[in-house]
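Participant: Can you keep this structure in mind? I'll have questions shortly.
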Amino acid sequence: MRAAVMTEVRKPWSIRTLPDPKPQAGQVLVRIRASGLCGTDLHVHHGVMPVPLPMVLRHEPVGTIEEVGPGVFGLRRGDRVGVSWTQRGCGRCRYCHEERVSYCAEYQSWVQMGGGNSELILAWATGCTLVPAGLSDEDAAPICCAGSTAMSGVRDAPPRPGDRVAVVGVGGLGHLAGQCARALGREGVAVSGSADKKVEAGRLGADEVVIASENWGQALLDAGGADVILGTTNSAAQATSALRGLRPEGRMVNMGLLDGPIQADSMQFLSQQVRLVGSKQNHRRDLVEALDLAASGKVKPRLEVYPLDRINEARDRLEAGKVRYRAVIKH
């Protein structure tokens, strides 16, 4: 199989020919049709998230099962699946029994299995989700990470009837978070520091767009505040500022890997009884729901599509903040 291999931090990924993998018990072999490029790939590329090298990166693959290993139930050859970040746990601890596998001390992810920058990928059957018919491979790929994360963030708030939801950061994750909230019938506000995204955010379904160069929270308050803030920025300063835009009893859900700590004002927490919540890809049902919303057309990723041979170009555009809004490698 052909694969893009990361051999050194901050060095170009090299296209190589590797042996085709063979599924073991409980595993499936997937021929990848499309795979999304995520901000986490940049963290790995920069060495912020260390992984054993050399490695094939990426964790948003969608493809067709070519081979099923012994002991696999519920999946068949020819099924089209998305492969999740979390693959499986030990199966014996409390978290596994509660189906909260990502907290298992021995859980396995794409880091142990190998990523989607390749023509074939091994996956545990427990880490695969059927993709609805009618949803393209390219659109399904980013849903397997960003869409799932966005839906988990919305559910972690959770929004109540009549709540006003603001999305901080209109990027690869934020443009999906806003659509998920909108699809669930919530009034949506997009908050961005880029004036050129005002029209785009409106086209993505935001009821109102707030452009703020510095004090994001005050700008949001001036626009009426929010009951729920979905934080998708990687900037701790922006997240700290945005927190002040909550209405009384509001909840801010942080989904971004920040470049520092969020500075909380204890007086705001006491007097306004606001909450700060961390969120990631949580329950499998969040991914299933996000895929269904995408299949129905209620959530639509905005994509740039590249062949595998141009993967370094795609990664460089993502690093420069030029991708609108998710980069996908089409196989």
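Each chain in the structure tokens gets a letter, A, B and so on, in the order shown; residues start at 1 in every chain, and ligands are counted from 1 in the order they appear.
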Would you give me, as a PyMOL selection string, the residues in range 245-295 of chain A that DSSP reads as strand (DSSP E or B)?
Facilitator: chain A and resi 246-254+275-278
Participant: List every residue of range 34-105 of chain A that DSSP, applied to the backbone of this structure, places in helix (DSSP H, G or I), and write the result as a ChimeraX atom specification.
Facilitator: /A:39-45,94-97,101-103
Participant: Just write the chosen residues, N, CA and C atoms, as a PDB file, in the first residue's frame.
Facilitator:
ATOM      1  N   GLY A  39      -6.482  19.386  13.079  1.00  0.00           N
ATOM      2  CA  GLY A  39      -5.506  20.185  13.804  1.00  0.00           C
ATOM      3  C   GLY A  39      -4.615  19.351  14.700  1.00  0.00           C
ATOM      4  N   THR A  40      -5.126  18.201  15.169  1.00  0.00           N
ATOM      5  CA  THR A  40      -4.300  17.325  15.982  1.00  0.00           C
ATOM      6  C   THR A  40      -3.109  16.800  15.190  1.00  0.00           C
ATOM      7  N   ASP A  41      -3.277  16.616  13.879  1.00  0.00           N
ATOM      8  CA  ASP A  41      -2.153  16.195  13.046  1.00  0.00           C
ATOM      9  C   ASP A  41      -1.029  17.221  13.099  1.00  0.00           C
ATOM     10  N   LEU A  42      -1.394  18.495  13.218  1.00  0.00           N
ATOM     11  CA  LEU A  42      -0.377  19.543  13.343  1.00  0.00           C
ATOM     12  C   LEU A  42       0.328  19.439  14.694  1.00  0.00           C
ATOM     13  N   HIS A  43      -0.432  19.134  15.749  1.00  0.00           N
ATOM     14  CA  HIS A  43       0.190  18.976  17.065  1.00  0.00           C
ATOM     15  C   HIS A  43       1.220  17.845  17.041  1.00  0.00           C
ATOM     16  N   VAL A  44       0.879  16.756  16.352  1.00  0.00           N
ATOM     17  CA  VAL A  44       1.827  15.649  16.219  1.00  0.00           C
ATOM     18  C   VAL A  44       3.010  16.070  15.372  1.00  0.00           C
ATOM     19  N   HIS A  45       2.734  16.734  14.267  1.00  0.00           N
ATOM     20  CA  HIS A  45       3.784  17.186  13.344  1.00  0.00           C
ATOM     21  C   HIS A  45       4.777  18.107  14.046  1.00  0.00           C
ATOM     22  N   ARG A  94     -13.839  -0.709  34.976  1.00  0.00           N
ATOM     23  CA  ARG A  94     -15.149  -0.086  35.182  1.00  0.00           C
ATOM     24  C   ARG A  94     -15.540   0.799  34.007  1.00  0.00           C
ATOM     25  N   TYR A  95     -14.570   1.571  33.469  1.00  0.00           N
ATOM     26  CA  TYR A  95     -14.885   2.483  32.375  1.00  0.00           C
ATOM     27  C   TYR A  95     -15.322   1.725  31.130  1.00  0.00           C
ATOM     28  N   CYS A  96     -14.694   0.597  30.860  1.00  0.00           N
ATOM     29  CA  CYS A  96     -15.102  -0.212  29.713  1.00  0.00           C
ATOM     30  C   CYS A  96     -16.506  -0.768  29.916  1.00  0.00           C
ATOM     31  N   HIS A  97     -16.809  -1.219  31.123  1.00  0.00           N
ATOM     32  CA  HIS A  97     -18.129  -1.779  31.400  1.00  0.00           C
ATOM     33  C   HIS A  97     -19.208  -0.699  31.327  1.00  0.00           C
ATOM     34  N   VAL A 101     -15.029   4.049  27.143  1.00  0.00           N
ATOM     35  CA  VAL A 101     -13.753   3.398  26.831  1.00  0.00           C
ATOM     36  C   VAL A 101     -12.588   4.379  26.810  1.00  0.00           C
ATOM     37  N   SER A 102     -12.834   5.632  26.450  1.00  0.00           N
ATOM     38  CA  SER A 102     -11.732   6.584  26.313  1.00  0.00           C
ATOM     39  C   SER A 102     -11.031   6.870  27.632  1.00  0.00           C
ATOM     40  N   TYR A 103     -11.643   6.498  28.772  1.00  0.00           N
ATOM     41  CA  TYR A 103     -11.013   6.691  30.079  1.00  0.00           C
ATOM     42  C   TYR A 103     -10.229   5.466  30.534  1.00  0.00           C
TER      43      TYR A 103
END
Participant: I'd like the contact shell of range 118-129 of chain A - 6 Å cut-off, only C-alpha atoms, skipping same-chain residues fewer than 3 positions apart - returned as a PyMOL selection string.
Facilitator: chain A and resi 1-3+26-32+81-84+87-88
Participant: Output the selection as an mmCIF file, in the first residue's frame - N, CA and C atoms for each residue.
Facilitator:
data_model
loop_
_atom_site.group_PDB
_atom_site.id
_atom_site.type_symbol
_atom_site.label_atom_id
_atom_site.label_comp_id
_atom_site.auth_asym_id
_atom_site.auth_seq_id
_atom_site.Cartn_x
_atom_site.Cartn_y
_atom_site.Cartn_z
ATOM 1 N N MET A 1 0.841 -1.194 0.000
ATOM 2 C CA MET A 1 0.000 0.000 0.000
ATOM 3 C C MET A 1 0.878 1.246 0.000
ATOM 4 N N ARG A 2 0.345 2.350 -0.548
ATOM 5 C CA ARG A 2 1.027 3.635 -0.491
ATOM 6 C C ARG A 2 0.577 4.362 0.767
ATOM 7 N N ALA A 3 1.515 5.040 1.403
ATOM 8 C CA ALA A 3 1.207 5.746 2.641
ATOM 9 C C ALA A 3 2.132 6.944 2.789
ATOM 10 N N GLY A 26 -10.657 -9.813 15.941
ATOM 11 C CA GLY A 26 -11.324 -8.597 16.402
ATOM 12 C C GLY A 26 -11.066 -7.377 15.542
ATOM 13 N N GLN A 27 -10.278 -7.520 14.476
ATOM 14 C CA GLN A 27 -9.910 -6.386 13.634
ATOM 15 C C GLN A 27 -10.523 -6.511 12.233
ATOM 16 N N VAL A 28 -10.568 -5.373 11.541
ATOM 17 C CA VAL A 28 -10.970 -5.347 10.141
ATOM 18 C C VAL A 28 -9.919 -4.588 9.342
ATOM 19 N N LEU A 29 -9.832 -4.888 8.064
ATOM 20 C CA LEU A 29 -8.959 -4.171 7.146
ATOM 21 C C LEU A 29 -9.834 -3.286 6.284
ATOM 22 N N VAL A 30 -9.547 -1.989 6.280
ATOM 23 C CA VAL A 30 -10.370 -1.010 5.573
ATOM 24 C C VAL A 30 -9.565 -0.384 4.444
ATOM 25 N N ARG A 31 -10.140 -0.387 3.239
ATOM 26 C CA ARG A 31 -9.542 0.367 2.133
ATOM 27 C C ARG A 31 -10.084 1.784 2.188
ATOM 28 N N ILE A 32 -9.203 2.738 2.406
ATOM 29 C CA ILE A 32 -9.614 4.115 2.655
ATOM 30 C C ILE A 32 -10.012 4.800 1.351
ATOM 31 N N VAL A 81 -17.395 2.224 6.429
ATOM 32 C CA VAL A 81 -17.296 2.604 7.840
ATOM 33 C C VAL A 81 -16.394 3.823 8.011
ATOM 34 N N GLY A 82 -16.618 4.514 9.109
ATOM 35 C CA GLY A 82 -15.699 5.526 9.590
ATOM 36 C C GLY A 82 -14.939 4.949 10.768
ATOM 37 N N VAL A 83 -13.670 5.297 10.867
ATOM 38 C CA VAL A 83 -12.820 4.764 11.932
ATOM 39 C C VAL A 83 -12.589 5.851 12.974
ATOM 40 N N SER A 84 -12.963 5.582 14.202
ATOM 41 C CA SER A 84 -12.905 6.579 15.271
ATOM 42 C C SER A 84 -11.505 6.700 15.861
ATOM 43 N N GLN A 87 -10.340 3.288 19.676
ATOM 44 C CA GLN A 87 -10.567 2.006 19.042
ATOM 45 C C GLN A 87 -11.134 0.954 20.000
ATOM 46 N N ARG A 88 -10.524 0.789 21.142
ATOM 47 C CA ARG A 88 -11.044 -0.174 22.110
ATOM 48 C C ARG A 88 -10.352 0.024 23.447
#
Participant: Taking 4 positions as the minimum chain separation for residues in the same chain, which residues sit within 10 Å of range 171-178 of chain A when counting only C-alpha atoms? Answer as JSON, numbers by chain.
Facilitator: {"A": [37, 38, 39, 142, 143, 145, 146, 147, 148, 149, 150, 151, 152, 153, 154, 165, 166, 167, 182, 183, 186, 187, 188, 189, 190, 191, 192, 197, 200, 201, 204, 205, 206, 230, 231, 232, 233, 255, 256, 290, 294, 299, 300, 301, 302, 303, 318, 321, 322, 323, 324, 325, 326, 327]}
Participant: Store the residues of this selection in a file with N, CA and C atoms, as a short mmCIF file (atom, residue, chain, number, x, y, z; two decimals), in the first residue's frame.
Facilitator:
data_model
loop_
_atom_site.label_atom_id
_atom_site.label_comp_id
_atom_site.auth_asym_id
_atom_site.auth_seq_id
_atom_site.Cartn_x
_atom_site.Cartn_y
_atom_site.Cartn_z
N LEU A 37 -7.95 15.82 7.39
CA LEU A 37 -6.75 16.35 8.04
C LEU A 37 -7.21 17.23 9.20
N CYS A 38 -6.70 16.95 10.39
CA CYS A 38 -7.18 17.60 11.62
C CYS A 38 -6.08 18.44 12.25
N GLY A 39 -6.48 19.39 13.08
CA GLY A 39 -5.51 20.19 13.80
C GLY A 39 -4.62 19.35 14.70
N PRO A 142 -14.49 14.12 7.81
CA PRO A 142 -14.31 15.03 8.95
C PRO A 142 -15.36 14.87 10.04
N ILE A 143 -16.50 14.27 9.71
CA ILE A 143 -17.51 14.02 10.73
C ILE A 143 -16.99 13.02 11.76
N CYS A 145 -14.26 12.85 13.22
CA CYS A 145 -13.53 13.49 14.32
C CYS A 145 -14.18 14.82 14.68
N ALA A 146 -14.08 15.79 13.77
CA ALA A 146 -14.59 17.13 14.08
C ALA A 146 -16.09 17.13 14.32
N GLY A 147 -16.84 16.44 13.47
CA GLY A 147 -18.29 16.41 13.63
C GLY A 147 -18.71 15.72 14.91
N SER A 148 -18.03 14.62 15.22
CA SER A 148 -18.31 13.91 16.46
C SER A 148 -17.96 14.75 17.68
N THR A 149 -16.80 15.42 17.62
CA THR A 149 -16.39 16.30 18.72
C THR A 149 -17.38 17.44 18.91
N ALA A 150 -17.82 18.02 17.81
CA ALA A 150 -18.78 19.13 17.87
C ALA A 150 -20.10 18.68 18.51
N MET A 151 -20.59 17.53 18.09
CA MET A 151 -21.86 17.05 18.65
C MET A 151 -21.69 16.72 20.13
N SER A 152 -20.57 16.14 20.52
CA SER A 152 -20.33 15.87 21.94
C SER A 152 -20.31 17.16 22.74
N GLY A 153 -19.69 18.20 22.17
CA GLY A 153 -19.65 19.48 22.84
C GLY A 153 -21.02 20.07 23.05
N VAL A 154 -21.87 19.98 22.03
CA VAL A 154 -23.24 20.47 22.14
C VAL A 154 -23.98 19.70 23.24
N VAL A 165 -26.81 29.92 21.62
CA VAL A 165 -25.53 29.22 21.55
C VAL A 165 -24.55 30.03 20.71
N ALA A 166 -23.39 30.29 21.28
CA ALA A 166 -22.33 31.00 20.55
C ALA A 166 -21.18 30.04 20.30
N VAL A 167 -20.62 30.12 19.10
CA VAL A 167 -19.44 29.33 18.74
C VAL A 167 -18.26 30.28 18.64
N ARG A 182 -27.37 24.54 15.32
CA ARG A 182 -28.46 25.05 14.50
C ARG A 182 -29.41 23.93 14.11
N ALA A 183 -28.85 22.76 13.77
CA ALA A 183 -29.68 21.62 13.37
C ALA A 183 -30.57 21.15 14.51
N ARG A 186 -31.30 25.56 17.85
CA ARG A 186 -30.84 26.61 18.76
C ARG A 186 -30.44 27.87 17.99
N GLU A 187 -30.74 29.03 18.55
CA GLU A 187 -30.27 30.29 17.96
C GLU A 187 -28.75 30.32 18.06
N GLY A 188 -28.09 30.64 16.96
CA GLY A 188 -26.65 30.56 16.93
C GLY A 188 -25.95 31.87 16.65
N VAL A 189 -24.85 32.10 17.38
CA VAL A 189 -24.00 33.27 17.18
C VAL A 189 -22.59 32.79 16.91
N ALA A 190 -21.97 33.32 15.90
CA ALA A 190 -20.57 32.99 15.60
C ALA A 190 -19.69 34.14 16.04
N VAL A 191 -18.60 33.83 16.75
CA VAL A 191 -17.66 34.84 17.22
C VAL A 191 -16.31 34.56 16.60
N SER A 192 -15.77 35.53 15.90
CA SER A 192 -14.50 35.33 15.21
C SER A 192 -13.67 36.60 15.27
N LYS A 197 -14.56 36.41 7.71
CA LYS A 197 -15.42 35.26 7.94
C LYS A 197 -16.87 35.65 8.26
N GLU A 200 -19.13 34.42 5.49
CA GLU A 200 -19.08 32.96 5.46
C GLU A 200 -19.84 32.36 6.63
N ALA A 201 -19.68 32.92 7.83
CA ALA A 201 -20.38 32.39 9.00
C ALA A 201 -21.89 32.51 8.84
N LEU A 204 -23.09 29.79 6.74
CA LEU A 204 -23.06 28.51 7.45
C LEU A 204 -24.24 28.37 8.41
N GLY A 205 -25.08 29.41 8.51
CA GLY A 205 -26.29 29.30 9.31
C GLY A 205 -26.32 30.11 10.59
N ALA A 206 -25.27 30.88 10.88
CA ALA A 206 -25.28 31.69 12.11
C ALA A 206 -26.35 32.78 12.02
N LEU A 230 -19.63 27.39 22.78
CA LEU A 230 -18.86 26.25 22.30
C LEU A 230 -17.50 26.77 21.88
N GLY A 231 -16.48 26.49 22.69
CA GLY A 231 -15.15 27.02 22.44
C GLY A 231 -14.35 26.09 21.55
N THR A 232 -14.00 26.54 20.35
CA THR A 232 -13.24 25.71 19.42
C THR A 232 -11.89 26.34 19.08
N THR A 233 -11.58 27.47 19.66
CA THR A 233 -10.31 28.14 19.40
C THR A 233 -9.16 27.39 20.08
N MET A 255 -13.50 22.79 23.64
CA MET A 255 -13.15 21.63 22.82
C MET A 255 -11.78 21.76 22.17
N GLY A 256 -11.14 22.91 22.31
CA GLY A 256 -9.86 23.14 21.65
C GLY A 256 -8.69 22.80 22.55
N ALA A 290 -24.21 12.79 14.46
CA ALA A 290 -23.57 13.74 13.56
C ALA A 290 -23.57 13.22 12.12
N ALA A 294 -25.42 14.94 8.87
CA ALA A 294 -24.70 15.20 7.63
C ALA A 294 -25.38 14.52 6.45
N VAL A 299 -26.10 19.26 8.24
CA VAL A 299 -24.72 19.63 8.54
C VAL A 299 -23.90 19.34 7.29
N LYS A 300 -23.16 20.33 6.80
CA LYS A 300 -22.41 20.19 5.57
C LYS A 300 -20.99 20.71 5.76
N PRO A 301 -19.99 19.81 5.82
CA PRO A 301 -18.60 20.27 5.94
C PRO A 301 -18.19 21.05 4.69
N ARG A 302 -17.43 22.12 4.89
CA ARG A 302 -16.83 22.86 3.77
C ARG A 302 -15.41 22.33 3.59
N LEU A 303 -15.11 21.85 2.40
CA LEU A 303 -13.92 21.05 2.20
C LEU A 303 -12.98 21.60 1.14
N LEU A 318 -3.11 24.11 6.12
CA LEU A 318 -3.79 24.05 7.41
C LEU A 318 -2.98 24.78 8.48
N GLY A 321 -3.39 28.44 8.36
CA GLY A 321 -4.74 28.94 8.60
C GLY A 321 -5.50 29.28 7.34
N LYS A 322 -5.11 28.69 6.21
CA LYS A 322 -5.72 29.04 4.92
C LYS A 322 -6.81 28.06 4.49
N VAL A 323 -6.92 26.90 5.14
CA VAL A 323 -7.90 25.91 4.73
C VAL A 323 -9.30 26.38 5.12
N ARG A 324 -10.24 26.28 4.20
CA ARG A 324 -11.65 26.60 4.45
C ARG A 324 -12.51 25.39 4.10
N TYR A 325 -12.96 24.57 5.10
CA TYR A 325 -12.60 24.68 6.51
C TYR A 325 -11.95 23.37 6.98
N ARG A 326 -12.13 22.31 6.19
CA ARG A 326 -11.48 21.03 6.47
C ARG A 326 -10.78 20.55 5.21
N ALA A 327 -9.56 20.05 5.37
CA ALA A 327 -8.83 19.44 4.25
C ALA A 327 -9.06 17.93 4.29
#
Participant: Hey, can you check how far CA of Arg164 in chain A sits from CA of Val228 in chain A?
Facilitator: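 Taking CA of Arg164 in chain A and CA of Val228 in chain A, their separation equals 6.4 Å.
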Participant: Contacts of Ala141 in chain A at 6 Å or less, counting only C-alpha atoms, minus same-chain residues fewer than 4 places along, as a PyMOL selection string?
Facilitator: chain A and resi 35-36+60-62
Participant: For CA of Asp292 in chain A and CA of Leu57 in chain A, determine how far apart the two atoms are, in Å to one decimal place.
Facilitator: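 If I compute the distance from CA of Asp292 in chain A to CA of Leu57 in chain A, I get 26.4 Å.
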Participant: Between A:Ser194, A:Ala181, A:Asp222, A:Arg10, which residue has the minimum interatomic distance to Asp207 in chain A, considering only C-alpha atoms?
Facilitator: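 So, comparing all the options, the nearest one is A:Ala181.
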Participant: Counting only C-alpha atoms, what is within 9 Å of Cys90 in chain A, bar same-chain residues fewer than 3 positions away, as a VMD selection string?
Facilitator: chain A and resid 93 96 101 104 to 108
Participant: Generate a file of the selected residues that holds N, CA and C atoms, formatted as a PDB file, in the first residue's frame.
Facilitator:
ATOM      1  N   CYS A  93     -12.200  -3.143  32.810  1.00  0.00           N
ATOM      2  CA  CYS A  93     -12.247  -2.120  33.855  1.00  0.00           C
ATOM      3  C   CYS A  93     -13.648  -1.511  33.948  1.00  0.00           C
ATOM      4  N   CYS A  96     -14.694   0.597  30.860  1.00  0.00           N
ATOM      5  CA  CYS A  96     -15.102  -0.212  29.713  1.00  0.00           C
ATOM      6  C   CYS A  96     -16.506  -0.768  29.916  1.00  0.00           C
ATOM      7  N   VAL A 101     -15.029   4.049  27.143  1.00  0.00           N
ATOM      8  CA  VAL A 101     -13.753   3.398  26.831  1.00  0.00           C
ATOM      9  C   VAL A 101     -12.588   4.379  26.810  1.00  0.00           C
ATOM     10  N   CYS A 104     -10.299   4.390  29.771  1.00  0.00           N
ATOM     11  CA  CYS A 104      -9.601   3.160  30.133  1.00  0.00           C
ATOM     12  C   CYS A 104      -8.092   3.403  30.114  1.00  0.00           C
ATOM     13  N   ALA A 105      -7.402   2.902  31.128  1.00  0.00           N
ATOM     14  CA  ALA A 105      -5.949   3.103  31.217  1.00  0.00           C
ATOM     15  C   ALA A 105      -5.205   2.374  30.108  1.00  0.00           C
ATOM     16  N   GLU A 106      -5.842   1.392  29.476  1.00  0.00           N
ATOM     17  CA  GLU A 106      -5.188   0.607  28.432  1.00  0.00           C
ATOM     18  C   GLU A 106      -5.847   0.788  27.071  1.00  0.00           C
ATOM     19  N   TYR A 107      -6.608   1.875  26.917  1.00  0.00           N
ATOM     20  CA  TYR A 107      -7.339   2.023  25.660  1.00  0.00           C
ATOM     21  C   TYR A 107      -6.377   2.220  24.493  1.00  0.00           C
ATOM     22  N   GLN A 108      -6.825   1.790  23.322  1.00  0.00           N
ATOM     23  CA  GLN A 108      -6.032   1.917  22.109  1.00  0.00           C
ATOM     24  C   GLN A 108      -6.723   2.865  21.139  1.00  0.00           C
TER      25      GLN A 108
END
Participant: For Gln218 in chain A, which residue out of A:Asn117, A:Ser136, A:Gln281, A:Thr240 is the nearest one, using only C-alpha atoms?
Facilitator: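 Among the listed residues, the smallest separation from Gln218 in chain A belongs to A:Thr240.
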Participant: Rounded to one decimal place, report the CA of Ala320 in chain A-CA of Lys298 in chain A distance in Å.
Facilitator: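 So the answer is 28.9 Å.
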Participant: From the options A:Ile65, A:Met6, A:Val168, A:Leu287, which residue's atoms come nearest to Val253 in chain A, counting only C-alpha atoms?
Facilitator: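 Distance minimum relative to Val253 in chain A lands on A:Val168.
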